[in-house]
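File shown here: run-v4.pdb, holding PDB, C-alpha atoms.
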ATOM      1  CA  ASP A   1      23.729  37.500  28.348
ATOM      2  CA  ARG A   2      22.965  34.785  25.787
ATOM      3  CA  LEU A   3      26.545  33.536  25.464
ATOM      4  CA  LEU A   4      27.038  33.220  29.214
ATOM      5  CA  GLY A   5      23.731  31.413  29.386
ATOM      6  CA  ILE A   6      24.990  28.938  26.794
ATOM      7  CA  ARG A   7      28.259  28.457  28.659
ATOM      8  CA  ASP A   8      26.567  27.834  31.990
ATOM      9  CA  ASN A   9      23.517  25.950  30.666
ATOM     10  CA  PRO A  10      22.644  23.503  33.480
ATOM     11  CA  GLU A  11      20.962  21.177  31.000
ATOM     12  CA  ILE A  12      24.376  20.304  29.567
ATOM     13  CA  LEU A  13      26.204  18.368  32.274
ATOM     14  CA  GLU A  14      29.959  18.776  32.731
ATOM     15  CA  GLY A  15      30.533  15.347  31.235
ATOM     16  CA  GLY A  16      28.590  16.410  28.160
ATOM     17  CA  LYS A  17      30.594  19.637  27.867
ATOM     18  CA  SER A  18      33.828  17.643  28.053
ATOM     19  CA  LEU A  19      32.652  15.393  25.214
ATOM     20  CA  LEU A  20      31.694  18.419  23.113
ATOM     21  CA  LYS A  21      35.127  19.988  23.688
ATOM     22  CA  LYS A  22      36.785  16.718  22.683
ATOM     23  CA  TYR A  23      34.645  16.567  19.540
ATOM     24  CA  TYR A  24      35.589  20.189  18.729
ATOM     25  CA  SER A  25      39.326  19.567  19.181
ATOM     26  CA  GLN A  26      39.238  16.441  17.014
ATOM     27  CA  LYS A  27      37.415  18.309  14.236
ATOM     28  CA  LYS A  28      39.709  21.338  14.448
ATOM     29  CA  GLY A  29      42.874  19.252  14.443
ATOM     30  CA  LEU A  30      41.518  16.630  12.043
ATOM     31  CA  ASP A  31      42.583  14.085  14.655
ATOM     32  CA  LYS A  32      41.707  10.535  13.787
ATOM     33  CA  GLY A  33      41.030   9.756  17.411
ATOM     34  CA  ILE A  34      42.893   6.444  17.381
ATOM     35  CA  PHE A  35      41.751   4.453  20.398
ATOM     36  CA  PHE A  36      42.320   0.876  21.435
ATOM     37  CA  SER A  37      40.722  -1.070  24.229
ATOM     38  CA  LYS A  38      40.450  -4.824  24.442
ATOM     39  CA  GLU A  39      36.732  -4.561  25.221
ATOM     40  CA  THR A  40      35.975  -2.428  22.156
ATOM     41  CA  GLN A  41      38.071  -4.613  19.896
ATOM     42  CA  LYS A  42      36.304  -7.731  21.109
ATOM     43  CA  GLY A  43      33.000  -6.114  20.147
ATOM     44  CA  ILE A  44      34.320  -5.476  16.643
ATOM     45  CA  MET A  45      35.859  -8.917  16.173
ATOM     46  CA  MET A  46      32.983 -10.907  17.601
ATOM     47  CA  GLU A  47      30.099  -8.897  16.169
ATOM     48  CA  ASP A  48      29.019 -11.655  13.774
ATOM     49  CA  ALA A  49      28.946 -14.207  16.591
ATOM     50  CA  GLY A  50      26.705 -11.894  18.606
ATOM     51  CA  ILE A  51      24.390 -11.416  15.636
ATOM     52  CA  GLU A  52      24.138 -15.189  15.160
ATOM     53  CA  LEU A  53      23.122 -15.569  18.799
ATOM     54  CA  ILE A  54      20.474 -12.842  18.497
ATOM     55  CA  ASP A  55      19.176 -14.428  15.308
ATOM     56  CA  GLU A  56      18.803 -17.840  16.925
ATOM     57  CA  ILE A  57      17.367 -16.855  20.307
ATOM     58  CA  VAL A  58      15.336 -13.718  19.542
ATOM     59  CA  PHE A  59      14.248 -14.299  15.936
ATOM     60  CA  GLY A  60      14.180 -18.092  15.616
ATOM     61  CA  SER A  61      17.005 -18.394  13.088
ATOM     62  CA  GLN A  62      15.730 -16.180  10.274
ATOM     63  CA  GLY A  63      19.236 -15.681   8.896
ATOM     64  CA  ILE A  64      19.428 -11.973   9.724
ATOM     65  CA  ARG A  65      22.455 -10.012   8.573
ATOM     66  CA  LYS A  66      24.238  -6.912   9.813
ATOM     67  CA  ASN A  67      22.748  -3.631   8.665
ATOM     68  CA  THR A  68      25.136  -1.366   6.737
ATOM     69  CA  GLU A  69      22.757   1.452   5.797
ATOM     70  CA  GLN A  70      23.412   4.789   7.490
ATOM     71  CA  LYS A  71      20.562   7.260   7.868
ATOM     72  CA  SER A  72      20.491  10.874   8.964
ATOM     73  CA  ASN A  73      18.278  13.891   9.431
ATOM     74  CA  LYS A  74      18.981  17.482  10.495
ATOM     75  CA  PHE A  75      19.762  16.411  14.048
ATOM     76  CA  ILE A  76      21.070  12.842  14.177
ATOM     77  CA  LYS A  77      22.693  10.171  12.071
ATOM     78  CA  GLY A  78      23.531   6.549  12.694
ATOM     79  CA  THR A  79      23.750   2.949  11.572
ATOM     80  CA  CYS A  80      21.951   0.401  13.699
ATOM     81  CA  ASP A  81      23.526  -3.055  13.982
ATOM     82  CA  LEU A  82      20.392  -4.842  12.792
ATOM     83  CA  LYS A  83      17.000  -4.015  11.341
ATOM     84  CA  VAL A  84      14.379  -6.743  11.229
ATOM     85  CA  ASP A  85      10.989  -5.648   9.886
ATOM     86  CA  ASN A  86      10.010  -2.702  12.117
ATOM     87  CA  ILE A  87      12.606  -3.451  14.820
ATOM     88  CA  VAL A  88      16.052  -1.879  15.209
ATOM     89  CA  ILE A  89      18.622  -3.768  17.279
ATOM     90  CA  ASP A  90      21.942  -2.803  18.807
ATOM     91  CA  ASN A  91      24.291  -5.522  20.037
ATOM     92  CA  LYS A  92      26.895  -5.232  22.806
ATOM     93  CA  CYS A  93      29.454  -7.962  23.537
ATOM     94  CA  PRO A  94      30.583  -7.765  27.191
ATOM     95  CA  TRP A  95      34.145  -8.799  27.970
ATOM     96  CA  ASN A  96      33.429 -11.898  30.065
ATOM     97  CA  MET A  97      30.803 -13.684  32.149
ATOM     98  CA  GLU A  98      31.210 -11.266  35.059
ATOM     99  CA  THR A  99      30.651  -8.130  32.986
ATOM    100  CA  PHE A 100      27.828  -9.863  31.103
ATOM    101  CA  LEU A 101      25.988 -10.789  34.311
ATOM    102  CA  GLN A 102      26.344  -7.214  35.585
ATOM    103  CA  LYS A 103      23.852  -6.276  32.884
ATOM    104  CA  VAL A 104      21.199  -8.428  34.568
ATOM    105  CA  LEU A 105      20.702  -6.034  37.478
ATOM    106  CA  ASP A 106      22.516  -2.856  36.351
ATOM    107  CA  THR A 107      20.477   0.122  35.222
ATOM    108  CA  VAL A 108      20.660   0.401  31.432
ATOM    109  CA  ASP A 109      23.073   3.152  30.401
ATOM    110  CA  LYS A 110      21.119   6.237  29.292
ATOM    111  CA  LYS A 111      23.378   6.830  26.313
ATOM    112  CA  TYR A 112      22.387   3.420  24.938
ATOM    113  CA  ILE A 113      18.706   4.173  25.533
ATOM    114  CA  TRP A 114      18.914   7.406  23.542
ATOM    115  CA  GLN A 115      21.049   5.734  20.898
ATOM    116  CA  LEU A 116      18.240   3.212  20.302
ATOM    117  CA  LYS A 117      15.586   5.926  20.367
ATOM    118  CA  GLY A 118      17.551   7.759  17.692
ATOM    119  CA  TYR A 119      17.764   4.620  15.558
ATOM    120  CA  SER A 120      14.005   4.122  15.934
ATOM    121  CA  ILE A 121      13.400   7.630  14.597
ATOM    122  CA  LEU A 122      15.899   7.370  11.733
ATOM    123  CA  PHE A 123      14.729   3.957  10.549
ATOM    124  CA  ASN A 124      11.035   4.670  11.206
ATOM    125  CA  CYS A 125      10.646   1.714  13.559
ATOM    126  CA  ASP A 126       8.310   1.448  16.529
ATOM    127  CA  LYS A 127      10.396  -1.056  18.467
ATOM    128  CA  ALA A 128      14.049  -1.158  19.527
ATOM    129  CA  LEU A 129      16.062  -3.881  21.240
ATOM    130  CA  LEU A 130      19.323  -3.573  23.147
ATOM    131  CA  CYS A 131      21.009  -6.974  23.299
ATOM    132  CA  TYR A 132      23.976  -8.058  25.385
ATOM    133  CA  THR A 133      25.499 -11.266  24.017
ATOM    134  CA  LEU A 134      28.056 -13.461  25.748
ATOM    135  CA  VAL A 135      30.386 -14.729  23.037
ATOM    136  CA  ASP A 136      33.940 -16.107  23.138
ATOM    137  CA  THR A 137      36.699 -13.685  24.093
ATOM    138  CA  PRO A 138      39.838 -13.699  21.884
ATOM    139  CA  ASN A 139      43.219 -13.442  23.553
ATOM    140  CA  TYR A 140      45.072 -10.140  23.680
ATOM    141  CA  ALA A 141      47.396 -11.020  20.807
ATOM    142  CA  ALA A 142      44.438 -11.660  18.500
ATOM    143  CA  LEU A 143      42.739  -8.438  19.573
ATOM    144  CA  THR A 144      45.888  -6.416  18.973
ATOM    145  CA  ALA A 145      46.436  -7.986  15.554
ATOM    146  CA  SER A 146      42.860  -7.202  14.603
ATOM    147  CA  PHE A 147      43.242  -3.578  15.723
ATOM    148  CA  GLN A 148      46.362  -3.252  13.571
ATOM    149  CA  GLY A 149      44.511  -4.587  10.554
ATOM    150  CA  LYS A 150      46.458  -7.839  10.445
ATOM    151  CA  SER A 151      44.649 -10.957   9.319
ATOM    152  CA  MET A 152      44.744 -14.037  11.502
ATOM    153  CA  GLU A 153      44.109 -17.476  10.043
ATOM    154  CA  VAL A 154      43.315 -18.880  13.471
ATOM    155  CA  ILE A 155      41.802 -16.873  16.316
ATOM    156  CA  GLU A 156      42.887 -18.173  19.691
ATOM    157  CA  TYR A 157      40.412 -17.686  22.521
ATOM    158  CA  GLU A 158      41.131 -16.694  26.082
ATOM    159  CA  ALA A 159      37.641 -17.633  27.206
ATOM    160  CA  THR A 160      34.994 -19.797  25.574
ATOM    161  CA  TYR A 161      31.358 -20.174  26.559
ATOM    162  CA  GLU A 162      30.223 -23.177  24.523
ATOM    163  CA  HIS A 163      29.313 -24.950  27.768
ATOM    164  CA  VAL A 164      26.707 -22.257  28.602
ATOM    165  CA  GLU A 165      23.180 -22.752  27.271
ATOM    166  CA  LEU A 166      22.434 -20.333  24.426
ATOM    167  CA  GLN A 167      19.438 -18.766  26.165
ATOM    168  CA  ASP A 168      21.692 -18.018  29.155
ATOM    169  CA  ARG A 169      24.090 -16.044  26.964
ATOM    170  CA  ILE A 170      21.803 -13.188  25.963
ATOM    171  CA  ILE A 171      20.080 -10.339  27.800
ATOM    172  CA  THR A 172      17.587  -8.226  25.850
ATOM    173  CA  TYR A 173      15.973  -4.907  26.741
ATOM    174  CA  GLU A 174      13.155  -3.327  24.733
ATOM    175  CA  ILE A 175      13.529   0.436  24.480
ATOM    176  CA  GLY A 176      10.286   2.352  24.116
ATOM    177  CA  LEU A 177       9.797   5.508  22.043
ATOM    178  CA  LYS A 178       7.522   8.315  23.271
ATOM    179  CA  GLU A 179       6.057  11.051  21.088
ATOM    180  CA  SER A 180       8.121  13.639  22.979
ATOM    181  CA  ASP A 181      11.465  11.849  22.463
ATOM    182  CA  GLU A 182      12.171  13.306  19.021
ATOM    183  CA  LYS A 183      11.617  16.863  20.283
ATOM    184  CA  GLU A 184      13.839  16.143  23.281
ATOM    185  CA  ILE A 185      16.644  14.911  21.002
ATOM    186  CA  GLU A 186      16.294  17.978  18.788
ATOM    187  CA  ALA A 187      16.451  20.312  21.805
ATOM    188  CA  ALA A 188      19.554  18.552  23.136
ATOM    189  CA  VAL A 189      21.282  18.822  19.756
ATOM    190  CA  LEU A 190      20.464  22.535  19.504
ATOM    191  CA  ARG A 191      21.850  23.133  23.003
ATOM    192  CA  SER A 192      25.018  21.274  22.020
ATOM    193  CA  ARG A 193      25.395  23.314  18.828
ATOM    194  CA  ASP A 194      24.979  26.530  20.812
ATOM    195  CA  PHE A 195      27.647  25.408  23.253
ATOM    196  CA  LEU A 196      30.054  24.578  20.409
ATOM    197  CA  GLU A 197      29.397  27.989  18.864
ATOM    198  CA  TRP A 198      30.233  29.674  22.176
ATOM    199  CA  TYR A 199      33.328  27.522  22.674
ATOM    200  CA  ASP A 200      34.542  28.206  19.135
ATOM    201  CA  GLY A 201      34.218  31.947  19.737
ATOM    202  CA  GLU A 202      36.163  31.757  23.006
ATOM    203  CA  VAL A 203      38.951  29.778  21.354
ATOM    204  CA  LYS A 204      39.238  32.132  18.384
ATOM    205  CA  LYS A 205      39.394  35.200  20.654
ATOM    206  CA  LYS A 206      42.542  33.895  22.344
ATOM    207  CA  LEU A 207      44.463  32.068  19.644
ATOM    208  CA  GLY A 208      47.386  34.132  18.314
ATOM    209  CA  ASN A 209      47.039  36.880  20.955
ATOM    210  CA  ILE A 210      49.019  37.820  24.045
ATOM    211  CA  PHE A 211      47.232  38.205  27.373
ATOM    212  CA  LEU A 212      48.579  39.945  30.474
ATOM    213  CA  ILE A 213      48.178  38.104  33.760
ATOM    214  CA  ASP A 214      48.844  40.227  36.866
TER     215      ASP A 214
END
How does the structure come out when it is put into C-alpha cells?
Amino acid sequence: DRLLGIRDNPEILEGGKSLLKKYYSQKKGLDKGIFFSKETQKGIMMEDAGIELIDEIVFGSQGIRKNTEQKSNKFIKGTCDLKVDNIVIDNKCPWNMETFLQKVLDTVDKKYIWQLKGYSILFNCDKALLCYTLVDTPNYAALTASFQGKSMEVIEYEATYEHVELQDRIITYEIGLKESDEKEIEAAVLRSRDFLEWYDGEVKKKLGNIFLID
C-alpha cells in the first residue's frame, strides 16, 4: 500500500517526521512559532560582529556585507549569510568559549552541511564555507530586550573576547558539493511532501468525527 509505505518510509527518520508534523501544525494553525533562546538571540544580535571577523580573517578585509537576497527553486529556498564571488558563507556565533571550542573536534552537524549545499545550488556557487565565530556575548537583559524589539543605546556584555587573538576566534569548514547532491535533496523533499500528504489525509479523516474505542 503506497500510503502505508509513505508513513513507514525508513528514509525519513523519526526526528524528521516530528519536524514535518510541527511544520504542518504551524501552517494549519497559522502559528507564528514564537521562540526565544539566549543562544539564538545572540546569533541575531551579534551577526554583524561575526561578519566583520570573517571579512578580516578569511577575506583580508574586503568590506563584505550581509546578503539579503533570497533564492528558490521547486525544491528549496534560502538566504545565505554572505556571498563573496563564487563562495556562499553561513556564520554561526556560539554562546561562549566552551561551546566555540567544541566545534574544533565535534563532527559538523549534517543539517548545516546540507544547508550549505542547498545555498551552493541556489546561488550557483562551487564553494561553501561554514564559519563559527567567537564574538562578545550580551547579557540576558540585552538579549531579552532585543527579542522584544526594544532598542538599547548601550549593549552590556556578559563575556568579552577582545583579549583573544582574532585568528583564534574563528573556525571554518569548507563544504563540498557533489554532482549527486542536488538529486539527493530533490528526493528528500519529495519524500517529505509525500509524508505531509499522508499526514494531512489522516488528520482530515478524524477531525470532526466520533470514533468508538472498545
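With CA of Leu177 (chain A) on one side and CA of Lys117 (chain A) on the other, the separation reads 6.0 Å.
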**Request:** Spell out the residues picked by the PyMOL selection byres ((chain A and resi 86-100) around 8) here, as JSON, numbers by chain.
**Result:** {"A": [39, 42, 43, 46, 47, 50, 51, 80, 81, 82, 83, 84, 85, 101, 102, 103, 104, 116, 119, 120, 123, 124, 125, 126, 127, 128, 129, 130, 131, 132, 133, 134, 135, 137, 159]}
**Message:** My list of candidates is A:Glu186, A:Asp136, A:Asp181, A:Glu52. Which is closest to Val164 (chain A) when distances are computed with only C-alpha atoms?
**Reply:** A:Asp136
**Request:** Could you list the residues chosen by the PyMOL selection byres ((chain A and resi 167) around 10) in this structure as a list in words?
**Result:** Leu53, Ile54, Glu56, Ile57, Val58, Thr133, Val164, Glu165, Leu166, Asp168, Arg169, Ile170 and Ile171 of chain A
**Message:** Report, in Å with one decimal, the straight-line distance from CA of Arg191 (chain A) to CA of Phe75 (chain A).
**Reply:** 11.4 Å
**Request:** Give me the residues within 7 Å of Thr68 (chain A) as number ranges by chain, counting all atoms listed in the file and dropping any in the same chain fewer than 2 places off.
**Result:** A: 66, 70, 79
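Considering only C-alpha atoms, the residue among A:Lys150, A:Gly63, A:Phe36, A:Lys28 positioned nearest to Lys204 (chain A) is A:Lys28.
Taking all atoms listed in the file into account, Phe35 (chain A) lies nearest to A:Thr144 out of the set A:Thr144, A:Asn209, A:Thr160, A:Asn67.
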**Message:** Calculated over all atoms listed in the file, which of the candidates A:Ala49, A:Ile155, A:Ala142, A:Val189 has the smallest distance to Gly118 (chain A)?
**Reply:** A:Val189
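With CA of Ala145 (chain A) on one side and CA of Tyr157 (chain A) on the other, the separation reads 13.4 Å.
Nearest-residue note for Ala188 (chain A): choosing from A:Met45, A:Ile64, A:Ile76, A:Ile213, the minimum distance belongs to A:Ile76, counting only C-alpha atoms.
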**Request:** Could you tell me which of A:Leu105, A:Phe211, A:Glu197, A:Ser192 comes closest to Leu19 (chain A) if we count only C-alpha atoms?
**Result:** A:Ser192
